[in-house]
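> Input upload_2.pdb, format and content: PDB, C-alpha atoms.
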```pdb
ATOM      1  CA  SER P   9       0.000   0.000   0.000
ATOM      2  CA  ARG P  10       2.827   2.415   0.790
ATOM      3  CA  LEU P  11       4.548   1.601  -2.502
ATOM      4  CA  LEU P  12       1.265   2.133  -4.347
ATOM      5  CA  ALA P  13       0.760   5.472  -2.620
ATOM      6  CA  MET P  14       4.209   6.626  -3.739
ATOM      7  CA  GLU P  15       3.561   5.431  -7.298
ATOM      8  CA  LEU P  16       0.224   7.253  -7.461
ATOM      9  CA  VAL P  17       1.729  10.445  -6.073
ATOM     10  CA  ARG P  18       4.446  10.259  -8.724
ATOM     11  CA  SER P  19       1.657  10.020 -11.304
ATOM     12  CA  GLY P  20       0.042  13.196 -10.004
ATOM     13  CA  PHE P  21      -2.637  11.784  -7.707
ATOM     14  CA  GLU P  22      -3.306  12.905  -4.152
ATOM     15  CA  VAL P  23      -3.374   9.898  -1.797
ATOM     16  CA  VAL P  24      -4.886   9.451   1.663
ATOM     17  CA  LEU P  25      -3.971   6.237   3.529
ATOM     18  CA  THR P  26      -6.300   4.867   6.175
ATOM     19  CA  ARG P  27      -3.077   3.941   8.047
ATOM     20  CA  ASP P  28       0.601   3.638   7.221
ATOM     21  CA  ASP P  29       1.666   1.168   9.891
ATOM     22  CA  ASP P  30       0.797  -2.363  10.964
ATOM     23  CA  ARG P  31      -2.257  -1.852  13.140
ATOM     24  CA  ALA P  32      -5.850  -2.940  13.029
ATOM     25  CA  LEU P  33      -8.492  -0.425  12.028
ATOM     26  CA  ALA P  34     -12.219  -1.125  12.230
ATOM     27  CA  LEU P  35     -13.897  -1.424   8.839
ATOM     28  CA  PRO P  36     -16.289   1.520   9.381
ATOM     29  CA  GLN P  37     -13.254   3.651  10.251
ATOM     30  CA  ARG P  38     -11.584   2.713   6.983
ATOM     31  CA  SER P  39     -14.517   3.680   4.807
ATOM     32  CA  GLY P  40     -15.150   6.695   7.046
ATOM     33  CA  ILE P  41     -11.649   8.014   6.403
ATOM     34  CA  GLY P  42     -12.161   7.508   2.701
ATOM     35  CA  ASN P  43     -15.498   9.308   2.661
ATOM     36  CA  ALA P  44     -14.207  12.193   4.800
ATOM     37  CA  SER P  45     -11.154  12.675   2.590
ATOM     38  CA  GLY P  46     -13.218  13.840  -0.357
ATOM     39  CA  GLY P  47     -11.308  11.434  -2.585
ATOM     40  CA  GLY P  48     -12.564  10.298  -5.947
ATOM     41  CA  LEU P  49     -11.713   6.584  -5.579
ATOM     42  CA  PHE P  50     -11.376   4.067  -2.749
ATOM     43  CA  LEU P  51      -8.960   1.120  -2.978
ATOM     44  CA  SER P  52      -8.832  -1.643  -0.367
ATOM     45  CA  ILE P  53      -5.777  -3.919  -0.665
ATOM     46  CA  HIS P  54      -5.626  -7.361   0.937
ATOM     47  CA  ALA P  55      -3.626 -10.563   1.140
ATOM     48  CA  ASN P  56      -5.984 -13.500   0.775
ATOM     49  CA  SER P  57      -6.305 -16.784   2.668
ATOM     50  CA  ALA P  58      -8.109 -20.073   2.178
ATOM     51  CA  THR P  59      -8.766 -23.331   3.993
ATOM     52  CA  THR P  60      -6.776 -25.142   1.314
ATOM     53  CA  PRO P  61      -3.108 -24.426   0.495
ATOM     54  CA  LEU P  62      -3.890 -24.954  -3.195
ATOM     55  CA  ALA P  63      -5.786 -21.693  -3.690
ATOM     56  CA  HIS P  64      -3.692 -18.953  -5.291
ATOM     57  CA  GLY P  65      -3.921 -16.018  -7.643
ATOM     58  CA  ILE P  66      -5.298 -12.526  -8.054
ATOM     59  CA  GLU P  67      -8.918 -11.434  -7.728
ATOM     60  CA  THR P  68     -10.607  -8.044  -7.677
ATOM     61  CA  TYR P  69     -14.009  -7.168  -6.233
ATOM     62  CA  TRP P  70     -16.504  -4.396  -6.748
ATOM     63  CA  MET P  71     -19.637  -3.832  -4.693
ATOM     64  CA  ASP P  72     -22.726  -5.807  -5.604
ATOM     65  CA  LEU P  73     -24.467  -8.929  -4.446
ATOM     66  CA  ALA P  74     -22.037 -11.837  -4.303
ATOM     67  CA  SER P  75     -21.159 -13.262  -7.709
ATOM     68  CA  ASP P  76     -20.812 -16.765  -6.258
ATOM     69  CA  GLU P  77     -20.795 -18.676  -2.993
ATOM     70  CA  ALA P  78     -17.032 -18.394  -2.595
ATOM     71  CA  ALA P  79     -17.185 -14.609  -3.002
ATOM     72  CA  MET P  80     -19.870 -14.431  -0.337
ATOM     73  CA  ARG P  81     -17.707 -16.438   2.062
ATOM     74  CA  VAL P  82     -14.779 -14.081   1.508
ATOM     75  CA  ALA P  83     -16.980 -11.046   2.143
ATOM     76  CA  GLU P  84     -18.537 -12.578   5.257
ATOM     77  CA  GLN P  85     -15.110 -13.395   6.659
ATOM     78  CA  GLU P  86     -13.950  -9.818   6.150
ATOM     79  CA  ASN P  87     -17.182  -8.250   7.394
ATOM     80  CA  ARG P  88     -17.116 -10.343  10.557
ATOM     81  CA  ALA P  89     -14.255  -8.186  11.784
ATOM     82  CA  ALA P  90     -16.725  -5.315  12.031
ATOM     83  CA  ALA P  91     -19.454  -7.441  13.616
ATOM     84  CA  LEU P  92     -21.323  -7.263  10.333
ATOM     85  CA  ALA P  93     -21.215 -10.936   9.418
ATOM     86  CA  HIS P  94     -24.488 -12.374   8.250
ATOM     87  CA  ASP P  95     -26.098 -15.755   7.944
ATOM     88  CA  ALA P  96     -25.554 -17.564   4.656
ATOM     89  CA  GLY P  97     -29.178 -16.821   3.839
ATOM     90  CA  GLY P  98     -28.608 -13.093   3.573
ATOM     91  CA  ALA P  99     -27.839  -9.837   5.320
ATOM     92  CA  THR P 100     -29.935  -7.774   7.674
ATOM     93  CA  ASP P 101     -32.681  -5.704   6.073
ATOM     94  CA  PRO P 102     -30.870  -2.322   6.245
ATOM     95  CA  PHE P 103     -27.728  -3.856   4.770
ATOM     96  CA  ASP P 104     -29.721  -5.525   1.984
ATOM     97  CA  ALA P 105     -31.504  -2.255   1.251
ATOM     98  CA  LEU P 106     -28.234  -0.343   1.039
ATOM     99  CA  VAL P 107     -26.740  -2.908  -1.333
ATOM    100  CA  ALA P 108     -29.868  -2.866  -3.481
ATOM    101  CA  ASP P 109     -29.789   0.931  -3.701
ATOM    102  CA  LEU P 110     -26.108   1.204  -4.518
ATOM    103  CA  ARG P 111     -26.011  -1.592  -7.060
ATOM    104  CA  GLN P 112     -28.420   0.347  -9.267
ATOM    105  CA  GLY P 113     -26.424   3.558  -9.183
ATOM    106  CA  ALA P 114     -23.674   5.075 -11.240
ATOM    107  CA  VAL P 115     -21.147   4.431  -8.475
ATOM    108  CA  ALA P 116     -21.596   0.681  -8.878
ATOM    109  CA  LEU P 117     -21.025   0.866 -12.633
ATOM    110  CA  GLN P 118     -17.973   3.070 -12.163
ATOM    111  CA  SER P 119     -16.655   0.611  -9.581
ATOM    112  CA  ARG P 120     -17.055  -2.197 -12.101
ATOM    113  CA  ASP P 121     -15.054  -0.252 -14.692
ATOM    114  CA  LEU P 122     -12.361   0.546 -12.114
ATOM    115  CA  ALA P 123     -12.168  -3.116 -11.082
ATOM    116  CA  ASP P 124     -11.809  -4.231 -14.705
ATOM    117  CA  ALA P 125      -9.032  -1.725 -15.433
ATOM    118  CA  VAL P 126      -7.048  -2.459 -12.268
ATOM    119  CA  HIS P 127      -7.421  -6.222 -12.562
ATOM    120  CA  GLN P 128      -6.250  -6.297 -16.179
ATOM    121  CA  GLU P 129      -3.228  -4.093 -15.519
ATOM    122  CA  LEU P 130      -2.291  -5.907 -12.310
ATOM    123  CA  LEU P 131      -2.618  -9.353 -13.834
ATOM    124  CA  GLY P 132      -0.785  -8.335 -16.994
ATOM    125  CA  GLY P 133       2.045  -6.735 -15.068
ATOM    126  CA  LEU P 134       2.572  -9.704 -12.752
ATOM    127  CA  ARG P 135       2.390 -12.208 -15.613
ATOM    128  CA  GLY P 136       4.829 -10.138 -17.632
ATOM    129  CA  TYR P 137       7.303 -10.191 -14.758
ATOM    130  CA  TYR P 138       6.810 -13.691 -13.336
ATOM    131  CA  GLY P 139       5.322 -15.602 -16.276
ATOM    132  CA  ALA P 140       1.703 -16.366 -17.060
ATOM    133  CA  GLU P 141       1.910 -19.903 -15.704
ATOM    134  CA  ARG P 142       2.763 -18.669 -12.190
ATOM    135  CA  ILE P 143      -0.045 -16.104 -11.820
ATOM    136  CA  ALA P 144      -3.593 -17.442 -11.602
ATOM    137  CA  ASP P 145      -6.421 -15.186 -12.751
ATOM    138  CA  ARG P 146      -9.260 -15.587 -10.251
ATOM    139  CA  GLY P 147     -11.251 -12.923 -12.032
ATOM    140  CA  VAL P 148     -13.252  -9.793 -11.302
ATOM    141  CA  LYS P 149     -16.055 -10.570  -8.876
ATOM    142  CA  THR P 150     -18.769  -8.897  -6.858
ATOM    143  CA  ALA P 151     -19.428  -9.142  -3.134
ATOM    144  CA  PRO P 152     -20.898  -6.899  -0.413
ATOM    145  CA  PHE P 153     -17.700  -6.100   1.469
ATOM    146  CA  TRP P 154     -18.474  -3.520   4.135
ATOM    147  CA  VAL P 155     -15.759  -1.096   2.996
ATOM    148  CA  LEU P 156     -17.234  -1.139  -0.506
ATOM    149  CA  VAL P 157     -20.869  -0.883   0.561
ATOM    150  CA  ASP P 158     -20.071   2.065   2.820
ATOM    151  CA  SER P 159     -17.984   3.945   0.259
ATOM    152  CA  GLU P 160     -19.520   6.985  -1.420
ATOM    153  CA  VAL P 161     -17.238   6.834  -4.470
ATOM    154  CA  PRO P 162     -16.145   4.158  -6.967
ATOM    155  CA  SER P 163     -14.407   1.536  -4.854
ATOM    156  CA  ILE P 164     -12.753  -1.852  -5.245
ATOM    157  CA  LEU P 165     -11.129  -4.503  -3.075
ATOM    158  CA  ILE P 166      -8.019  -6.202  -4.453
ATOM    159  CA  GLU P 167      -6.725  -9.565  -3.239
ATOM    160  CA  VAL P 168      -3.067  -9.574  -4.273
ATOM    161  CA  GLY P 169      -2.215 -13.193  -3.456
ATOM    162  CA  TYR P 170      -2.672 -15.965  -0.893
ATOM    163  CA  LEU P 171      -0.740 -16.143   2.356
ATOM    164  CA  THR P 172      -1.970 -19.722   2.695
ATOM    165  CA  HIS P 173      -0.295 -20.820  -0.548
ATOM    166  CA  PRO P 174       3.335 -21.719   0.293
ATOM    167  CA  LYS P 175       4.943 -20.381  -2.876
ATOM    168  CA  GLU P 176       2.728 -17.305  -3.141
ATOM    169  CA  GLU P 177       3.363 -16.414   0.493
ATOM    170  CA  VAL P 178       7.082 -16.267  -0.257
ATOM    171  CA  LEU P 179       6.421 -13.964  -3.227
ATOM    172  CA  LEU P 180       4.091 -11.723  -1.207
ATOM    173  CA  ARG P 181       6.887 -11.024   1.231
ATOM    174  CA  THR P 182       9.336  -9.876  -1.434
ATOM    175  CA  ARG P 183       9.937  -6.285  -2.432
ATOM    176  CA  ALA P 184       9.795  -7.262  -6.098
ATOM    177  CA  TRP P 185       6.248  -8.662  -5.812
ATOM    178  CA  GLN P 186       5.066  -5.686  -3.790
ATOM    179  CA  ALA P 187       6.554  -3.269  -6.317
ATOM    180  CA  ALA P 188       4.986  -5.148  -9.240
ATOM    181  CA  VAL P 189       1.606  -5.101  -7.491
ATOM    182  CA  ALA P 190       1.912  -1.366  -6.820
ATOM    183  CA  ASP P 191       2.879  -0.683 -10.438
ATOM    184  CA  GLY P 192      -0.027  -2.767 -11.750
ATOM    185  CA  ILE P 193      -2.667  -1.162  -9.535
ATOM    186  CA  ALA P 194      -1.353   2.326 -10.289
ATOM    187  CA  ALA P 195      -1.462   1.588 -14.025
ATOM    188  CA  GLY P 196      -5.054   0.403 -13.664
ATOM    189  CA  VAL P 197      -6.074   3.540 -11.796
ATOM    190  CA  ALA P 198      -4.424   5.716 -14.443
ATOM    191  CA  ARG P 199      -6.159   3.762 -17.201
ATOM    192  CA  TYR P 200      -9.549   4.152 -15.505
ATOM    193  CA  VAL P 201      -9.100   7.876 -14.880
ATOM    194  CA  ALA P 202      -7.967   8.461 -18.470
ATOM    195  CA  ALA P 203     -11.073   6.662 -19.761
ATOM    196  CA  VAL P 204     -13.350   8.737 -17.504
ATOM    197  CA  GLU P 205     -11.696  11.987 -18.565
ATOM    198  CA  ALA P 206     -11.953  11.015 -22.226
ATOM    199  CA  SER P 207     -15.666  10.239 -21.897
ATOM    200  CA  GLU P 208     -16.311  13.511 -20.089
ATOM    201  CA  ALA P 209     -14.434  15.478 -22.739
ATOM    202  CA  GLY P 210     -16.739  14.122 -25.440
ATOM    203  CA  PRO P 211     -15.997  13.861 -29.172
TER     204      PRO P 211
END
```
Output the file's structure in the form of C-alpha cells.

Amino acid sequence: SRLLAMELVRSGFEVVLTRDDDRALALPQRSGIGNASGGGLFLSIHANSATTPLAHGIETYWMDLASDEAAMRVAEQENRAAALAHDAGGATDPFDALVADLRQGAVALQSRDLADAVHQELLGGLRGYYGAERIADRGVKTAPFWVLVDSEVPSILIEVGYLTHPKEEVLLRTRAWQAAVADGIAAGVARYVAAVEASEAGP
C-alpha cells in the first residue's frame, strides 16, 4: 500500500492512507476516512487466505451482491471483523436495502469499470514479470464487502495473493512482488481515470 501510494503520487494523484503502519483499524473507520477525505476513488488492498493451500492467484471485487458462494464467504469473513457478518441466507434488512440501492447507481457501474481496469493491468504486469503460468487469474467478482458498501465513491477490493499458498506467500513477502503489485494497480487507476476523462471530454 505504501509503494502504491508513492507510485500514485508520482503520477500526479493525491493519496490518503487509512493507516501507514501495521495496526488494526475497524472497517467503518476505513470507509469513514475515505469518505471524509473527499477522494474520488477508494482502494482496499488485501492478502488473501483459504482453507486449502492450493488456492492462489489474483482477484478483484466491486460492490454488488455476491457473484458466487465463494465470493460471499470471503466477504462474510472480512465483514465479521466489524461485527457485520451475516447468515448464509442473507444480510440484515438495512444492509440488503443499502446494497440494493447502490447496485443500481452510477457508483456501482464506475466501480465495475475501475475493477476491470485495475485487474487487467495488475494481472498483466505480474504475468509479464513472473510468467503467465505462475499467476492465476481468479477474475473480477462482486461481493458486499463492508468497505465497498459504505464507500460513497467508486471503490474496489483487491486480493493480491494468498498467504496460505506456500509459494505465493514467499512472493508476497518480497519487495519485487510488492513493487509489481503497486505498479499494476497504479497503471489500472491511471487507465480508468484516463477513460473517464476522455468520456467527459466528449468527441
> Selected by the PyMOL selection byres ((chain P and resi 58-61) around 6) in the shown coordinates: which residues, as a PyMOL selection string?
chain P and resi 57+62-63+172-173
> What does the distance between atom CA of P:Arg183 and atom CA of P:Gly196 come to in Å, to one decimal place?
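Going from atom CA of P:Arg183 over to atom CA of P:Gly196, I get 19.9 Å.
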> Just give me the gap between atom CA of P:Leu156 and atom CA of P:Ser39 in Å, one decimal is fine.
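Between atom CA of P:Leu156 and atom CA of P:Ser39 the gap works out to 7.7 Å.
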> Using Å and a single decimal, report how far atom CA of P:Val189 sits from atom CA of P:His127.
10.4 Å
> Here is a test: counting all atoms listed in the file, which residue of P:Arg181, P:Arg120, P:Arg18, P:Lys175 is nearest to P:Ala151?
P:Arg120
> So, with only C-alpha atoms as the atoms that count, which of P:Leu179, P:Met71, P:Ala206, P:Val161 lies closest to P:Ala123?
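Once distances to P:Ala123 are computed over only C-alpha atoms, the minimum belongs to P:Met71.
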> With distances taken over only C-alpha atoms, which of P:Gly65, P:Gly47, P:Pro162, P:Gly192 is nearest to P:Val204?
P:Pro162
> Please identify all polymer residues within 12 Å of P:Val201, counting only C-alpha atoms, omitting same-chain residues fewer than 3 positions from it, and present them as a ChimeraX atom specification.
/P:16,19-21,48-49,118-119,121-122,125-126,162,194-198,204-208
> Can you work out which one of P:Val178, P:Ile193, P:Ala188, P:Leu25 has the shortest atom-to-atom distance to P:Arg135, counting all atoms listed in the file?
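Distance minimum relative to P:Arg135 lands on P:Ala188.
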> When distances are computed from only C-alpha atoms, which of P:Leu11, P:Leu130, P:Ile53, P:Ala34 shows the smallest separation from P:Arg199?
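Of the candidates, the smallest distance to P:Arg199 is held by P:Leu130.
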> Given the file shown, enumerate the residues that the PyMOL selection byres ((chain P and resi 36) around 8) captures and present them as JSON, numbers by chain.
{"P": [34, 35, 37, 38, 39, 40, 90, 154, 155, 158]}
> Please determine, counting all atoms listed in the file, which residue among P:Ala140, P:Val24, P:Leu134, P:Ala114 has the shortest atom-to-atom distance to P:Leu51.
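Nearest to P:Leu51: P:Val24.
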> Take the PyMOL selection byres ((chain P and resi 144) around 9), apply it to the structure above, and return the hits as an NGL selection string.
:P and (64-67 or 131 or 135 or 140-143 or 145-147)
> Box along x, y and z, 6 Å on every side, all listed atoms of stretch 159-164 of chain P inside: centre and edge lengths in Å to one decimal, as JSON.

```
{"center_x": -16.1, "center_y": 2.6, "center_z": -3.4, "size_x": 18.8, "size_y": 20.8, "size_z": 19.2}
```
> Skipping near chain neighbours, those fewer than 2 positions away, what residues fall within 10 Å of P:Arg10 using only C-alpha atoms, listed as number ranges by chain?
P: 12-16, 25, 27-29, 186-187, 190
> May I have the residues within 9 Å of P:Leu180 as a ChimeraX atom specification, using all atoms listed in the file and disregarding those fewer than 6 positions away in the same chain?
/P:55,168-171,186
> Could stretch 48-66 of chain P be completed with N, CA, C and O atoms and returned as a PDB file, keeping the file's coordinate frame?

```pdb
ATOM      1  N   GLY P  48     -11.728  10.723  -4.832  1.00  0.00           N
ATOM      2  CA  GLY P  48     -12.564  10.298  -5.947  1.00  0.00           C
ATOM      3  C   GLY P  48     -12.654   8.802  -6.118  1.00  0.00           C
ATOM      4  O   GLY P  48     -13.548   8.308  -6.817  1.00  0.00           O
ATOM      5  N   LEU P  49     -11.738   8.044  -5.485  1.00  0.00           N
ATOM      6  CA  LEU P  49     -11.713   6.584  -5.579  1.00  0.00           C
ATOM      7  C   LEU P  49     -11.336   6.009  -4.223  1.00  0.00           C
ATOM      8  O   LEU P  49     -10.655   6.659  -3.435  1.00  0.00           O
ATOM      9  N   PHE P  50     -11.748   4.766  -3.977  1.00  0.00           N
ATOM     10  CA  PHE P  50     -11.376   4.067  -2.749  1.00  0.00           C
ATOM     11  C   PHE P  50     -10.832   2.697  -3.126  1.00  0.00           C
ATOM     12  O   PHE P  50     -11.499   1.928  -3.822  1.00  0.00           O
ATOM     13  N   LEU P  51      -9.601   2.404  -2.692  1.00  0.00           N
ATOM     14  CA  LEU P  51      -8.960   1.120  -2.978  1.00  0.00           C
ATOM     15  C   LEU P  51      -8.671   0.414  -1.661  1.00  0.00           C
ATOM     16  O   LEU P  51      -8.063   0.993  -0.769  1.00  0.00           O
ATOM     17  N   SER P  52      -9.095  -0.838  -1.554  1.00  0.00           N
ATOM     18  CA  SER P  52      -8.832  -1.643  -0.367  1.00  0.00           C
ATOM     19  C   SER P  52      -7.968  -2.825  -0.798  1.00  0.00           C
ATOM     20  O   SER P  52      -8.369  -3.621  -1.644  1.00  0.00           O
ATOM     21  N   ILE P  53      -6.762  -2.936  -0.214  1.00  0.00           N
ATOM     22  CA  ILE P  53      -5.777  -3.919  -0.665  1.00  0.00           C
ATOM     23  C   ILE P  53      -5.583  -4.985   0.405  1.00  0.00           C
ATOM     24  O   ILE P  53      -5.367  -4.667   1.574  1.00  0.00           O
ATOM     25  N   HIS P  54      -5.653  -6.247  -0.009  1.00  0.00           N
ATOM     26  CA  HIS P  54      -5.626  -7.361   0.937  1.00  0.00           C
ATOM     27  C   HIS P  54      -4.721  -8.484   0.456  1.00  0.00           C
ATOM     28  O   HIS P  54      -4.510  -8.671  -0.737  1.00  0.00           O
ATOM     29  N   ALA P  55      -4.221  -9.260   1.415  1.00  0.00           N
ATOM     30  CA  ALA P  55      -3.626 -10.563   1.140  1.00  0.00           C
ATOM     31  C   ALA P  55      -4.667 -11.607   1.512  1.00  0.00           C
ATOM     32  O   ALA P  55      -5.269 -11.544   2.581  1.00  0.00           O
ATOM     33  N   ASN P  56      -4.897 -12.540   0.639  1.00  0.00           N
ATOM     34  CA  ASN P  56      -5.984 -13.500   0.775  1.00  0.00           C
ATOM     35  C   ASN P  56      -5.573 -14.702   1.632  1.00  0.00           C
ATOM     36  O   ASN P  56      -4.397 -14.891   1.938  1.00  0.00           O
ATOM     37  N   SER P  57      -6.561 -15.521   1.976  1.00  0.00           N
ATOM     38  CA  SER P  57      -6.305 -16.784   2.668  1.00  0.00           C
ATOM     39  C   SER P  57      -7.411 -17.758   2.312  1.00  0.00           C
ATOM     40  O   SER P  57      -8.488 -17.360   1.866  1.00  0.00           O
ATOM     41  N   ALA P  58      -7.130 -19.035   2.495  1.00  0.00           N
ATOM     42  CA  ALA P  58      -8.109 -20.073   2.178  1.00  0.00           C
ATOM     43  C   ALA P  58      -7.891 -21.260   3.097  1.00  0.00           C
ATOM     44  O   ALA P  58      -6.840 -21.394   3.731  1.00  0.00           O
ATOM     45  N   THR P  59      -8.890 -22.129   3.160  1.00  0.00           N
ATOM     46  CA  THR P  59      -8.766 -23.331   3.993  1.00  0.00           C
ATOM     47  C   THR P  59      -7.886 -24.378   3.327  1.00  0.00           C
ATOM     48  O   THR P  59      -7.436 -25.316   3.988  1.00  0.00           O
ATOM     49  N   THR P  60      -7.648 -24.225   2.038  1.00  0.00           N
ATOM     50  CA  THR P  60      -6.776 -25.142   1.314  1.00  0.00           C
ATOM     51  C   THR P  60      -5.509 -24.419   0.875  1.00  0.00           C
ATOM     52  O   THR P  60      -5.574 -23.260   0.444  1.00  0.00           O
ATOM     53  N   PRO P  61      -4.353 -25.066   0.946  1.00  0.00           N
ATOM     54  CA  PRO P  61      -3.108 -24.426   0.495  1.00  0.00           C
ATOM     55  C   PRO P  61      -2.979 -24.377  -1.022  1.00  0.00           C
ATOM     56  O   PRO P  61      -1.995 -23.843  -1.539  1.00  0.00           O
ATOM     57  N   LEU P  62      -3.954 -24.924  -1.735  1.00  0.00           N
ATOM     58  CA  LEU P  62      -3.890 -24.954  -3.195  1.00  0.00           C
ATOM     59  C   LEU P  62      -4.376 -23.649  -3.826  1.00  0.00           C
ATOM     60  O   LEU P  62      -4.002 -23.329  -4.952  1.00  0.00           O
ATOM     61  N   ALA P  63      -5.220 -22.917  -3.119  1.00  0.00           N
ATOM     62  CA  ALA P  63      -5.786 -21.693  -3.690  1.00  0.00           C
ATOM     63  C   ALA P  63      -4.699 -20.645  -3.866  1.00  0.00           C
ATOM     64  O   ALA P  63      -3.893 -20.400  -2.966  1.00  0.00           O
ATOM     65  N   HIS P  64      -4.666 -20.004  -5.046  1.00  0.00           N
ATOM     66  CA  HIS P  64      -3.692 -18.953  -5.291  1.00  0.00           C
ATOM     67  C   HIS P  64      -4.188 -18.060  -6.415  1.00  0.00           C
ATOM     68  O   HIS P  64      -5.124 -18.407  -7.136  1.00  0.00           O
ATOM     69  N   GLY P  65      -3.579 -16.898  -6.540  1.00  0.00           N
ATOM     70  CA  GLY P  65      -3.921 -16.018  -7.643  1.00  0.00           C
ATOM     71  C   GLY P  65      -4.456 -14.662  -7.207  1.00  0.00           C
ATOM     72  O   GLY P  65      -4.502 -14.325  -6.028  1.00  0.00           O
ATOM     73  N   ILE P  66      -4.863 -13.911  -8.219  1.00  0.00           N
ATOM     74  CA  ILE P  66      -5.298 -12.526  -8.054  1.00  0.00           C
ATOM     75  C   ILE P  66      -6.788 -12.423  -8.325  1.00  0.00           C
ATOM     76  O   ILE P  66      -7.291 -12.983  -9.300  1.00  0.00           O
TER      77      ILE P  66
END
```
